[in-house]
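Okay, so here's the structure we're looking at.
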Amino acid sequence: MRFDILTVLPGLLESPFAHSILQRAQKKGIAEIVVHNLRDYATNKQKSVDDYPYGGGSGMVMSIEPFAKCIEALQAERSYDEIIFMTPDGPTLNQSMANELSGLGNVMILCGHYKGIDQRIRDIYVTREISIGDYVLSGGELPAAVLVDSVVRLIPGVLNDETSALSDSFQGELLDAPVYTRPADWNGHKVPDILLSGHEAKINEWRHEQALLRTQQRRPDLLGDD
Ligand code: ADE
């Protein structure tokens with residue numbers, strides 16, 4: 001799967017993809033993540049990527065030209081399954097969206113800044129808008145990193161232990177059960193005996209009960225009984 005991310009702040013995206021699972025997915029050739037600096041596509045002398053809003057008002061608006069030039073240059077090389085704009089006014093990202101996107105081939109992600117992007121970019125090029133939650137960040141870069149992370153880990157072959165993604169919170173209808181590692185006793189705080197019993201069926205039953213309890217307590221809406 002290939003991601004092309006368009007941004008005026010490529011530096012913000014240098015680190016999130018250079019570690020752990022995302023780094024491994026790229027090394028294995030399962031995911032390719034390419035960051036494009038929109039300033040490279042600015043045509044005017046000042047290399048500006050934004051301008052004052054028509055009709056007045058505060059804040060700058062990102063111009064259509066650099067986006068259009070970058071998008072069309074990329075589209076000349078390959079076709080895209082989705083062109084996604086990260087925006088707080090889009091539908092909120094959830095696990096089923098991440099699952100759906102993990103089955104795609106080429107995805108472009110547009111990051112906005114300042115007051116927003118010229119509406120015509122959204123009208124002409126964008127096929128999908130995604131928010132990562134009901135709060136406003138300074139730009140679309142961190143949301144893009146969140147989206148890519150949530151999708152890439154679901155591509156078959158990325159995780160070593162395939163079952164670990166399957167038992168994630170939200171992957172089924174239940175949150176994940178609590179987990180423990182050594183030591184079994186830390187200053188009197190003990191790991192539940194059942195996990196030390198070696199009895200696999202009983203452990204699975206306990207985990208299911210705990211997952212159910214946690215979901216009832218924290219997210220009853222997931223069970224449809226809030
Ligand atoms: N850009 C700024 N805030 C955002 C959010 N919450 N989700 C997606 N993109 C954003």
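By order in the structure tokens, chains are A, B, ...; within a chain, residues start at 1; ligands start at 1, following the order shown.
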
Taking only C-alpha atoms and all ligand atoms into account, report as a ChimeraX atom specification which residues have an atom no farther than 7 Å from an atom of ligand 1. /A:86-88,112,130-140,143

Please write the residues from the selection above to a file, keeping N, CA and C atoms, as a PDB file, in the first residue's frame.
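Everything below was put into result-v5.pdb:
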ATOM      1  N   MET A  86      -7.619  15.564   5.671  1.00  0.00           N
ATOM      2  CA  MET A  86      -7.756  15.485   7.119  1.00  0.00           C
ATOM      3  C   MET A  86      -8.388  16.789   7.606  1.00  0.00           C
ATOM      4  N   THR A  87      -9.552  16.681   8.243  1.00  0.00           N
ATOM      5  CA  THR A  87     -10.254  17.900   8.676  1.00  0.00           C
ATOM      6  C   THR A  87     -11.178  17.582   9.844  1.00  0.00           C
ATOM      7  N   PRO A  88     -11.251  18.498  10.841  1.00  0.00           N
ATOM      8  CA  PRO A  88     -12.119  18.208  11.984  1.00  0.00           C
ATOM      9  C   PRO A  88     -13.601  18.154  11.606  1.00  0.00           C
ATOM     10  N   GLY A 112      -4.093  20.167   5.818  1.00  0.00           N
ATOM     11  CA  GLY A 112      -4.380  21.603   5.769  1.00  0.00           C
ATOM     12  C   GLY A 112      -3.672  22.331   6.903  1.00  0.00           C
ATOM     13  N   ILE A 130     -11.690  13.002   6.563  1.00  0.00           N
ATOM     14  CA  ILE A 130     -11.627  12.248   7.819  1.00  0.00           C
ATOM     15  C   ILE A 130     -11.137  13.149   8.949  1.00  0.00           C
ATOM     16  N   SER A 131     -11.824  13.059  10.089  1.00  0.00           N
ATOM     17  CA  SER A 131     -11.408  13.736  11.313  1.00  0.00           C
ATOM     18  C   SER A 131     -10.851  12.674  12.257  1.00  0.00           C
ATOM     19  N   ILE A 132      -9.946  13.062  13.159  1.00  0.00           N
ATOM     20  CA  ILE A 132      -9.523  12.083  14.154  1.00  0.00           C
ATOM     21  C   ILE A 132     -10.173  12.358  15.511  1.00  0.00           C
ATOM     22  N   GLY A 133     -11.113  13.277  15.561  1.00  0.00           N
ATOM     23  CA  GLY A 133     -11.810  13.504  16.821  1.00  0.00           C
ATOM     24  C   GLY A 133     -12.306  14.932  16.918  1.00  0.00           C
ATOM     25  N   ASP A 134     -13.179  15.162  17.887  1.00  0.00           N
ATOM     26  CA  ASP A 134     -13.820  16.469  18.029  1.00  0.00           C
ATOM     27  C   ASP A 134     -12.954  17.457  18.803  1.00  0.00           C
ATOM     28  N   TYR A 135     -11.836  17.810  18.216  1.00  0.00           N
ATOM     29  CA  TYR A 135     -10.948  18.829  18.759  1.00  0.00           C
ATOM     30  C   TYR A 135     -10.155  19.342  17.573  1.00  0.00           C
ATOM     31  N   VAL A 136      -9.634  20.562  17.700  1.00  0.00           N
ATOM     32  CA  VAL A 136      -8.950  21.156  16.549  1.00  0.00           C
ATOM     33  C   VAL A 136      -7.447  21.199  16.790  1.00  0.00           C
ATOM     34  N   LEU A 137      -6.690  20.604  15.878  1.00  0.00           N
ATOM     35  CA  LEU A 137      -5.224  20.642  15.928  1.00  0.00           C
ATOM     36  C   LEU A 137      -4.733  21.743  14.998  1.00  0.00           C
ATOM     37  N   SER A 138      -3.423  22.024  15.070  1.00  0.00           N
ATOM     38  CA  SER A 138      -2.882  23.130  14.272  1.00  0.00           C
ATOM     39  C   SER A 138      -2.804  22.813  12.790  1.00  0.00           C
ATOM     40  N   GLY A 139      -2.823  21.535  12.458  1.00  0.00           N
ATOM     41  CA  GLY A 139      -2.726  21.162  11.057  1.00  0.00           C
ATOM     42  C   GLY A 139      -3.094  19.704  10.886  1.00  0.00           C
ATOM     43  N   GLY A 140      -3.089  19.240   9.652  1.00  0.00           N
ATOM     44  CA  GLY A 140      -3.508  17.864   9.366  1.00  0.00           C
ATOM     45  C   GLY A 140      -2.397  16.833   9.475  1.00  0.00           C
ATOM     46  N   PRO A 143      -2.925  14.306  12.506  1.00  0.00           N
ATOM     47  CA  PRO A 143      -4.034  13.423  12.111  1.00  0.00           C
ATOM     48  C   PRO A 143      -3.645  12.450  10.984  1.00  0.00           C
TER      49      PRO A 143
END

Could you list, as an MDAnalysis selection string, every residue within 8 Å of Val152 (chain A), counting only C-alpha atoms and ignoring same-chain residues fewer than 3 positions away? chainID A and resid 22 25 31 102 148:149 155 158

Let's have the selection written as a PDB file, in the first residue's frame, with N, CA and C atoms.
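And here's out-v3.pdb as it stands now:
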ATOM      1  N   LEU A  22       5.640   0.816  11.894  1.00  0.00           N
ATOM      2  CA  LEU A  22       5.571   1.538  10.614  1.00  0.00           C
ATOM      3  C   LEU A  22       6.901   1.446   9.866  1.00  0.00           C
ATOM      4  N   ALA A  25       7.110  -2.116   8.444  1.00  0.00           N
ATOM      5  CA  ALA A  25       6.224  -2.298   7.284  1.00  0.00           C
ATOM      6  C   ALA A  25       6.871  -1.731   6.023  1.00  0.00           C
ATOM      7  N   ALA A  31       4.416  -1.368   2.989  1.00  0.00           N
ATOM      8  CA  ALA A  31       3.864  -0.001   2.946  1.00  0.00           C
ATOM      9  C   ALA A  31       4.942   0.957   2.449  1.00  0.00           C
ATOM     10  N   SER A 102      -7.302  -0.264   4.803  1.00  0.00           N
ATOM     11  CA  SER A 102      -6.130  -1.148   4.732  1.00  0.00           C
ATOM     12  C   SER A 102      -6.201  -2.089   3.529  1.00  0.00           C
ATOM     13  N   VAL A 148      -2.474   6.916   9.146  1.00  0.00           N
ATOM     14  CA  VAL A 148      -1.566   5.953   8.507  1.00  0.00           C
ATOM     15  C   VAL A 148      -1.211   4.828   9.488  1.00  0.00           C
ATOM     16  N   ASP A 149      -0.929   5.181  10.724  1.00  0.00           N
ATOM     17  CA  ASP A 149      -0.590   4.158  11.731  1.00  0.00           C
ATOM     18  C   ASP A 149      -1.741   3.181  11.905  1.00  0.00           C
ATOM     19  N   ILE A 155      -2.566  -4.080   7.649  1.00  0.00           N
ATOM     20  CA  ILE A 155      -2.251  -4.719   6.367  1.00  0.00           C
ATOM     21  C   ILE A 155      -1.638  -6.091   6.674  1.00  0.00           C
ATOM     22  N   VAL A 158       2.107  -7.213   8.252  1.00  0.00           N
ATOM     23  CA  VAL A 158       2.816  -6.146   8.970  1.00  0.00           C
ATOM     24  C   VAL A 158       3.127  -6.571  10.406  1.00  0.00           C
TER      25      VAL A 158
END

Taking only region 2-226 of chain A into account, list the residues labelled strand (DSSP E) by DSSP (computed from the backbone), as a PyMOL selection string. chain A and resi 2-7+32-37+50-51+61-62+82-86+106-111+116-117+128-130+185-186+189-190

Of the candidates A:Arg78, A:Arg218, A:Arg122, A:Lys115, which shows the shortest atom-to-atom distance to Ser58 (chain A), using only C-alpha atoms? A:Lys115

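Among the candidate residues A:Ala18, A:Val35, A:Ile84, A:Ile121, the one lying nearest to Ala68 (chain A) is A:Ile121, with distances computed using only C-alpha atoms.
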
Within 12 Å of Val49 (chain A) using only C-alpha atoms, minus same-chain residues under 5 positions, as a PyMOL selection string: chain A and resi 7-9+37-44+60-69+112-114+116-118

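With distances restricted to only C-alpha atoms, A:Asp168 is the closest residue to Arg153 (chain A) from A:Leu6, A:Ala184, A:Leu13, A:Asp168.
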
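For the pair CA of Gln119 (chain A) and CA of Tyr54 (chain A), the interatomic distance is 11.6 Å.
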
Alpha helix (DSSP H) per DSSP on the backbone: members of region 29-208 of chain A, as a PyMOL selection string: chain A and resi 64-75+95-101+119-124+141-152+162-166+200-208

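Interatomic distance, CA of Pro192 (chain A) to CA of Gln171 (chain A): 24.7 Å.
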
Using Å and a single decimal, report how far CA of Gly29 (chain A) sits from CA of Ile109 (chain A). 19.6 Å
